[in-house]
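Have a look at the structure below, then the notes.
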Amino acid sequence: MREFIKDKLTVKIFENRKLMGEAVATAVSEQINELLRKQAFVNIIFGAAPSQNEFFESLLTKDIDWSRLNAFHMDEYVNLASAAPQGFGNFLKKHLFDLVPFHTVNYIDGNVKDYKAECLRYAELLNQFETDIVCLGIGENTHLAFNDPHVADENDSYFVKRVDLDETCRTQQVNDGCFKTIDEVPTHALTLTLPALLKAPYAFCTVPTEKKAQAVYYTLNEKIGDNFPSTLLRKHKNAVLFLDDQSSKRISI
């Protein structure tokens, strides 16, 4: 494992994706347990993507009192069939939420008629249960959640909002094997905004595969700002970026 710091962001590079996932799970479980020694519950936001699979698999093996965790997710497609496996709530339900006894699991509903009301409802939950930990990834266009560069706003006045998805973002969903063609990928989503994500005191970012290598390069080398949303991780006081041998190919230390 190689490690360095860029601005405030700790970067850890592992020999392969499995070791990376295990390391994230160890770090997250240790942080959860440290917090549980001081407070009754831990509130945690999870990203939903194949990039998180190894992390989830390893996290499920850890000694955690799941009954003291309140779980949230960070985005959901608009007007995707409620039972569609590509739905982020459904993905998390299959890979994590239904496999351990969380205290509460809080889903975003992308099929509501009143999107503003749903965004407000979820934002109120996030305010009621202040986030302790966010577990996220980085998109091929450097988005965090569905804050693509054209809608990203570090100073967003909203915690949750409806956004349109750019072509790179939608193409990534095909590259990840979630959809067969870009025409099948929804054009809009509800997403937690950058302030909602980065407000968490602890951020663990898991980014494997060569497809993310360019985004990782931008994350570490571009000017910090909304044009490359993931660069904002470099301002976070307690963020760690976990990479594998493929996603780290374009960076040098």
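Within each chain, counting starts at residue 1; across the structure tokens, chains are named A, B, ... in the order shown, with ligands numbered 1 upward in that order.
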| request: May I have the residues within 10 Å of Glu54 of chain A as a count of residues only, using only C-alpha atoms and disregarding those fewer than 4 positions away in the same chain? | output: 14
| If we count only C-alpha atoms, what is near Asp148 of chain A at a cut-off of 12 Å, once residues fewer than 3 positions away on the same chain are taken out, given as a PyMOL selection string? | chain A and resi 138-145+151-154+162-170+188-189+191-194+226-230
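In this model, the gap between atom CA of Ile224 of chain A and atom CA of Cys135 of chain A comes to 20.3 Å.
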| field | Every residue of segment 18-92 of chain A that DSSP places in helix (DSSP H, G or I), as number ranges by chain | value | A: 18-36, 50-59, 66-68, 88-92
How would the residues just chosen look if you wrote them out with C-alpha atoms as a tab-separated table (two decimals), in the first residue's frame?
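Full text of again_12.tsv as output:
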```
chain	number	residue	atom	x	y	z
A	18	LYS	CA	-10.07	-6.66	-3.28
A	19	LEU	CA	-7.43	-5.28	-0.94
A	20	MET	CA	-8.79	-1.79	-1.53
A	21	GLY	CA	-12.33	-2.86	-0.60
A	22	GLU	CA	-11.14	-4.61	2.54
A	23	ALA	CA	-9.17	-1.54	3.60
A	24	VAL	CA	-12.19	0.73	3.15
A	25	ALA	CA	-14.36	-1.63	5.18
A	26	THR	CA	-11.81	-1.76	7.97
A	27	ALA	CA	-11.49	2.03	8.08
A	28	VAL	CA	-15.27	2.59	8.01
A	29	SER	CA	-16.02	-0.06	10.64
A	30	GLU	CA	-13.36	1.34	12.95
A	31	GLN	CA	-14.80	4.83	12.57
A	32	ILE	CA	-18.33	3.55	13.22
A	33	ASN	CA	-17.25	1.76	16.37
A	34	GLU	CA	-15.28	4.75	17.60
A	35	LEU	CA	-18.35	6.94	17.21
A	36	LEU	CA	-20.62	4.37	18.86
A	50	PRO	CA	-20.62	-1.52	-8.61
A	51	SER	CA	-17.48	0.32	-7.49
A	52	GLN	CA	-18.63	-0.23	-3.90
A	53	ASN	CA	-19.14	-4.00	-4.16
A	54	GLU	CA	-15.90	-5.15	-2.52
A	55	PHE	CA	-16.31	-2.57	0.21
A	56	PHE	CA	-19.84	-3.77	1.00
A	57	GLU	CA	-18.84	-7.43	0.95
A	58	SER	CA	-16.09	-6.82	3.46
A	59	LEU	CA	-18.10	-4.42	5.61
A	66	TRP	CA	-25.95	-2.48	12.98
A	67	SER	CA	-29.00	-1.84	15.17
A	68	ARG	CA	-27.44	1.51	16.09
A	88	PHE	CA	-29.98	2.88	-6.29
A	89	GLY	CA	-32.25	2.12	-3.37
A	90	ASN	CA	-32.81	-1.37	-4.79
A	91	PHE	CA	-29.07	-1.83	-5.35
A	92	LEU	CA	-28.30	-0.95	-1.74
```
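Every protein or nucleic acid residue with an atom no more than 9 Å from Val11 of chain A, counting only C-alpha atoms and leaving out same-chain residues fewer than 4 positions away, appears here: A:Arg2, A:Glu3, A:Phe4, A:Ile5, A:Lys6, A:Ala239, A:Val240, A:Leu241, A:Phe242, A:Leu243.
Of the residues under consideration (A:Ala196, A:Leu136, A:Ile108, A:Leu233), A:Ile108 shows the shortest atom-to-atom contact distance to Tyr122 of chain A when counting only C-alpha atoms.
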| Nearest to Gly137 of chain A among A:Ala203, A:His236, A:Ser157, A:Ile13, with distances taken over only C-alpha atoms: which residue is it? | A:Ala203
| field | Point-to-point distance in Å for atom CA of Asn43 of chain A and atom CA of Lys8 of chain A | value | 23.3 Å
| Gap from atom CA of Glu210 of chain A to atom CA of Leu99 of chain A - Å, one decimal | 29.6 Å
| DSSP strand (DSSP E or B) residues within segment 17-210 of chain A, as number ranges by chain | A: 42-46, 69-73, 75-77, 104-106, 133-136, 144, 147, 160-164, 188-192, 202-207
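Ranking A:Asp7, A:Glu15, A:Asp109, A:Asp63 by their shortest atom-to-atom distance to Leu190 of chain A, with only C-alpha atoms included, puts A:Asp109 first.
Among the candidates A:Phe14, A:Val100, A:Val134, A:Gln173, the one nearest to Asp65 of chain A when counting only C-alpha atoms is A:Val100.
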